[in-house]
Amino acid sequence: MVVQQYRDGGGARAARVLAVAGVIAVTAGCVGADGGSGGSTGGGGSHGSGQRAVAAERPLDTLDRAADVLAEAGGAEARTSMETAAGGTRVTIRGQGVYDFRTQTGRLKVVLPTDAAGADDHRPITELLAPGALYMKNRGAGVPDHKWVRIDTTALKDGNLLTGGVTDPMAAAELLRDAGDVTYVGKSELAGVTVHHYRGVADLGRAARAASPQSRGALSAAAKGFSRDAVPFDAYLDDAGRLRKVRHRFTFATEGQEAAEVTVVSTLLLYGFGAPVAVKLPDEDDIYTGEIRQG
């Protein structure tokens, strides 16, 4: 199985995402993702003296700071969900693990959907996230069990916002920088925690320019690869300004005779702030450099 990437064709920017292990490729030739509600994901921790009255601030200021606040918070537990629909089929990928926003490294177990016959024979894929790189184990046919596949995320046309079946948690937060049409929707409750709901439209180009150096390369690639720079989102922050949930709606164009736009919804849930995160990246000898077979 190969990783499908966005490709430019016929002078127009076309998006063609290859899903993790190629399992979620849809008939239109795209890979999609959308997040679930994740309603039962846990809370975690008091807000302490750093608590902010985020609802009283300008919404844009609050969202601009979201990634920085997460970096101050350190580690967290994360759940992810991606979903798309094409040809009458809805495809969902889910992930769960931990992420350290200070080092921008994380470890997630990604569960692929059942196949068309309903068989659930796909082994979970272990993903290690690091600035500029994605490592995957159980990646695809022909890869030895003990080997990792390494992908340069700055070379992906989507900047790994979709390719791995998981939107990098720091990238998801960085996308909120310099957003447009931001409004404060109001207060609600998420897993027992009071959160403030913001709605707006991220701009891939502006977010890339405002992002931290570690995230800038991948987001810059995404800004060039998507058919639309605009990414609508709903973000939920607690009283301390920590991002608890964010849902992005990515749009890209497909290629071929049945070219159309496809929407992929990616949802990130964060909880258990302060969780210890230890991520050891694979040694060079553990990286698979052979061919990844299709199928």
# chains A, B, ... in the order shown; residues from 1 in each chain; ligands from 1
>>> residues_around(residues="Thr289 (chain A)", least_positions_apart="4", cutoff="12 Å", atoms="only C-alpha atoms", output="ChimeraX atom specification")
/A:142-144,147-151,284-285
>>> write_last_selection(atoms="N, CA and C atoms", output="PDB file, in the first residue's frame")
ATOM      1  N   GLY A 142       4.172  -5.649   2.918  1.00  0.00           N
ATOM      2  CA  GLY A 142       5.576  -5.719   2.582  1.00  0.00           C
ATOM      3  C   GLY A 142       6.499  -5.097   3.602  1.00  0.00           C
ATOM      4  N   VAL A 143       5.953  -4.437   4.617  1.00  0.00           N
ATOM      5  CA  VAL A 143       6.786  -3.819   5.650  1.00  0.00           C
ATOM      6  C   VAL A 143       6.935  -4.799   6.806  1.00  0.00           C
ATOM      7  N   PRO A 144       8.172  -5.185   7.175  1.00  0.00           N
ATOM      8  CA  PRO A 144       8.360  -6.112   8.297  1.00  0.00           C
ATOM      9  C   PRO A 144       7.733  -5.558   9.573  1.00  0.00           C
ATOM     10  N   LYS A 147       9.643  -2.975  11.642  1.00  0.00           N
ATOM     11  CA  LYS A 147      10.157  -1.784  10.966  1.00  0.00           C
ATOM     12  C   LYS A 147       9.137  -0.633  10.987  1.00  0.00           C
ATOM     13  N   TRP A 148       9.669   0.574  10.889  1.00  0.00           N
ATOM     14  CA  TRP A 148       8.862   1.779  10.816  1.00  0.00           C
ATOM     15  C   TRP A 148       8.957   2.392   9.423  1.00  0.00           C
ATOM     16  N   VAL A 149       7.885   3.030   8.983  1.00  0.00           N
ATOM     17  CA  VAL A 149       7.902   3.835   7.768  1.00  0.00           C
ATOM     18  C   VAL A 149       7.991   5.291   8.194  1.00  0.00           C
ATOM     19  N   ARG A 150       8.928   6.012   7.619  1.00  0.00           N
ATOM     20  CA  ARG A 150       9.088   7.431   7.941  1.00  0.00           C
ATOM     21  C   ARG A 150       8.660   8.286   6.753  1.00  0.00           C
ATOM     22  N   ILE A 151       7.855   9.318   7.028  1.00  0.00           N
ATOM     23  CA  ILE A 151       7.380  10.233   5.996  1.00  0.00           C
ATOM     24  C   ILE A 151       7.781  11.655   6.386  1.00  0.00           C
ATOM     25  N   GLU A 284      17.803   4.838  12.849  1.00  0.00           N
ATOM     26  CA  GLU A 284      17.864   4.713  11.393  1.00  0.00           C
ATOM     27  C   GLU A 284      17.761   3.252  10.953  1.00  0.00           C
ATOM     28  N   ASP A 285      18.333   2.346  11.735  1.00  0.00           N
ATOM     29  CA  ASP A 285      18.308   0.929  11.371  1.00  0.00           C
ATOM     30  C   ASP A 285      16.902   0.345  11.428  1.00  0.00           C
TER      31      ASP A 285
END
>>> residues_around(residues="region 219-235 of chain A", least_positions_apart="6", cutoff="7 Å", atoms="only C-alpha atoms", output="number ranges by chain")
A: 6, 13-15, 154-159, 197-205, 208, 245-253
>>> closest_residue(among="A:Ala78, A:Ala172, A:Val166, A:Val69", to="Leu112 (chain A)", atoms="only C-alpha atoms")
A:Val166
>>> select_by_dssp(residues="region 68-255 of chain A", states="strand (DSSP E)", output="number ranges by chain")
A: 75-86, 89-100, 105-111, 125-130, 133-137, 148-152, 180-190, 193-203, 230-238, 243-253
>>> residues_around(residues="Gly132 (chain A)", least_positions_apart="5", cutoff="7 Å", atoms="only C-alpha atoms", output="list in words")
Asp152, Thr153, Thr154 and Ala218 of chain A
>>> residues_around(residues="Arg242 (chain A)", least_positions_apart="3", cutoff="9 Å", atoms="only C-alpha atoms", output="list in words")
Ala66, Ala67, Val69, Leu70, Ala73, Tyr236, Leu237, Asp238, Asp239 and Leu270 of chain A
>>> write_last_selection(atoms="N, CA and C atoms", output="PDB file, in the first residue's frame")
ATOM      1  N   ALA A  66      -3.944  29.927  21.566  1.00  0.00           N
ATOM      2  CA  ALA A  66      -4.288  28.554  21.957  1.00  0.00           C
ATOM      3  C   ALA A  66      -3.089  27.609  21.883  1.00  0.00           C
ATOM      4  N   ALA A  67      -2.315  27.675  20.815  1.00  0.00           N
ATOM      5  CA  ALA A  67      -1.162  26.787  20.682  1.00  0.00           C
ATOM      6  C   ALA A  67      -0.121  27.082  21.751  1.00  0.00           C
ATOM      7  N   VAL A  69      -0.655  28.337  24.766  1.00  0.00           N
ATOM      8  CA  VAL A  69      -1.166  27.856  26.055  1.00  0.00           C
ATOM      9  C   VAL A  69      -0.957  26.348  26.175  1.00  0.00           C
ATOM     10  N   LEU A  70      -1.171  25.620  25.092  1.00  0.00           N
ATOM     11  CA  LEU A  70      -0.941  24.175  25.122  1.00  0.00           C
ATOM     12  C   LEU A  70       0.524  23.860  25.358  1.00  0.00           C
ATOM     13  N   ALA A  73       1.143  24.085  28.876  1.00  0.00           N
ATOM     14  CA  ALA A  73       0.519  22.984  29.621  1.00  0.00           C
ATOM     15  C   ALA A  73       1.329  21.706  29.536  1.00  0.00           C
ATOM     16  N   TYR A 236     -13.242  24.630  21.120  1.00  0.00           N
ATOM     17  CA  TYR A 236     -13.765  24.693  22.484  1.00  0.00           C
ATOM     18  C   TYR A 236     -12.584  24.798  23.440  1.00  0.00           C
ATOM     19  N   LEU A 237     -12.506  25.906  24.191  1.00  0.00           N
ATOM     20  CA  LEU A 237     -11.411  26.150  25.123  1.00  0.00           C
ATOM     21  C   LEU A 237     -11.955  26.245  26.539  1.00  0.00           C
ATOM     22  N   ASP A 238     -11.168  25.764  27.513  1.00  0.00           N
ATOM     23  CA  ASP A 238     -11.611  25.866  28.901  1.00  0.00           C
ATOM     24  C   ASP A 238     -11.273  27.246  29.457  1.00  0.00           C
ATOM     25  N   ASP A 239     -11.565  27.453  30.751  1.00  0.00           N
ATOM     26  CA  ASP A 239     -11.367  28.771  31.351  1.00  0.00           C
ATOM     27  C   ASP A 239      -9.900  29.187  31.387  1.00  0.00           C
ATOM     28  N   LEU A 270      -8.749  16.838  23.593  1.00  0.00           N
ATOM     29  CA  LEU A 270      -7.614  16.852  24.520  1.00  0.00           C
ATOM     30  C   LEU A 270      -8.121  16.817  25.954  1.00  0.00           C
TER      31      LEU A 270
END
>>> atom_distance(atom1="CA of Arg58 (chain A)", atom2="CA of Gly272 (chain A)")
26.7 Å
>>> atom_distance(atom1="CA of Gln96 (chain A)", atom2="CA of Leu108 (chain A)")
5.3 Å
>>> decode(residues="region 122-145 of chain A", atoms="N, CA, C and O atoms", output="CSV table (one decimal), in the first residue's frame")
chain,number,residue,atom,x,y,z
A,122,HIS,N,-7.8,-5.3,10.2
A,122,HIS,CA,-6.7,-4.4,10.1
A,122,HIS,C,-6.1,-4.2,11.5
A,122,HIS,O,-6.8,-3.8,12.4
A,123,ARG,N,-4.8,-4.4,11.6
A,123,ARG,CA,-4.1,-4.2,12.8
A,123,ARG,C,-4.0,-2.7,13.1
A,123,ARG,O,-3.8,-1.9,12.1
A,124,PRO,N,-4.1,-2.2,14.3
A,124,PRO,CA,-3.9,-0.8,14.6
A,124,PRO,C,-2.6,-0.4,14.1
A,124,PRO,O,-1.6,-1.1,14.2
A,125,ILE,N,-2.5,0.8,13.7
A,125,ILE,CA,-1.2,1.4,13.2
A,125,ILE,C,-0.7,2.3,14.4
A,125,ILE,O,-1.4,3.2,14.9
A,126,THR,N,0.5,2.1,14.7
A,126,THR,CA,1.2,3.0,15.7
A,126,THR,C,1.8,4.1,15.0
A,126,THR,O,2.6,3.9,14.1
A,127,GLU,N,1.5,5.4,15.4
A,127,GLU,CA,2.1,6.5,14.8
A,127,GLU,C,2.9,7.3,15.8
A,127,GLU,O,2.4,7.6,16.9
A,128,LEU,N,4.1,7.8,15.4
A,128,LEU,CA,4.9,8.7,16.2
A,128,LEU,C,4.9,10.0,15.5
A,128,LEU,O,5.3,10.0,14.3
A,129,LEU,N,4.6,11.1,16.1
A,129,LEU,CA,4.6,12.4,15.5
A,129,LEU,C,5.8,13.2,16.0
A,129,LEU,O,6.1,13.2,17.2
A,130,ALA,N,6.4,13.9,15.1
A,130,ALA,CA,7.5,14.8,15.5
A,130,ALA,C,7.6,15.9,14.5
A,130,ALA,O,7.0,15.8,13.4
A,131,PRO,N,8.2,17.0,14.8
A,131,PRO,CA,8.3,18.1,13.9
A,131,PRO,C,8.9,17.7,12.6
A,131,PRO,O,10.0,17.2,12.5
A,132,GLY,N,8.1,17.8,11.5
A,132,GLY,CA,8.5,17.5,10.2
A,132,GLY,C,8.6,16.0,9.8
A,132,GLY,O,9.0,15.7,8.7
A,133,ALA,N,8.1,15.2,10.7
A,133,ALA,CA,8.2,13.7,10.4
A,133,ALA,C,7.0,13.0,11.0
A,133,ALA,O,6.4,13.3,12.0
A,134,LEU,N,6.6,11.9,10.3
A,134,LEU,CA,5.6,11.0,10.8
A,134,LEU,C,6.2,9.6,10.6
A,134,LEU,O,6.7,9.2,9.6
A,135,TYR,N,6.1,8.8,11.7
A,135,TYR,CA,6.6,7.4,11.7
A,135,TYR,C,5.4,6.5,12.0
A,135,TYR,O,4.6,6.7,12.9
A,136,MET,N,5.3,5.4,11.2
A,136,MET,CA,4.2,4.5,11.3
A,136,MET,C,4.7,3.1,11.3
A,136,MET,O,5.6,2.7,10.5
A,137,LYS,N,4.1,2.3,12.2
A,137,LYS,CA,4.4,0.9,12.3
A,137,LYS,C,3.1,0.1,12.0
A,137,LYS,O,2.0,0.6,12.3
A,138,ASN,N,3.2,-1.1,11.4
A,138,ASN,CA,2.1,-1.8,10.8
A,138,ASN,C,1.5,-0.9,9.7
A,138,ASN,O,0.3,-0.8,9.5
A,139,ARG,N,2.4,-0.4,8.9
A,139,ARG,CA,2.0,0.6,7.9
A,139,ARG,C,1.4,0.1,6.6
A,139,ARG,O,0.5,0.7,6.1
A,140,GLY,N,1.9,-1.1,6.2
A,140,GLY,CA,1.3,-1.6,4.9
A,140,GLY,C,2.0,-2.9,4.5
A,140,GLY,O,2.9,-3.4,5.2
A,141,ALA,N,1.5,-3.4,3.4
A,141,ALA,CA,2.0,-4.7,2.9
A,141,ALA,C,3.4,-4.6,2.5
A,141,ALA,O,3.9,-3.7,1.9
A,142,GLY,N,4.2,-5.6,2.9
A,142,GLY,CA,5.6,-5.7,2.6
A,142,GLY,C,6.5,-5.1,3.6
A,142,GLY,O,7.7,-5.2,3.5
A,143,VAL,N,6.0,-4.4,4.6
A,143,VAL,CA,6.8,-3.8,5.6
A,143,VAL,C,6.9,-4.8,6.8
A,143,VAL,O,5.9,-5.2,7.4
A,144,PRO,N,8.2,-5.2,7.2
A,144,PRO,CA,8.4,-6.1,8.3
A,144,PRO,C,7.7,-5.6,9.6
A,144,PRO,O,7.7,-4.3,9.8
A,145,ASP,N,7.3,-6.5,10.4
A,145,ASP,CA,6.5,-6.1,11.6
A,145,ASP,C,7.4,-5.1,12.5
A,145,ASP,O,6.8,-4.3,13.2
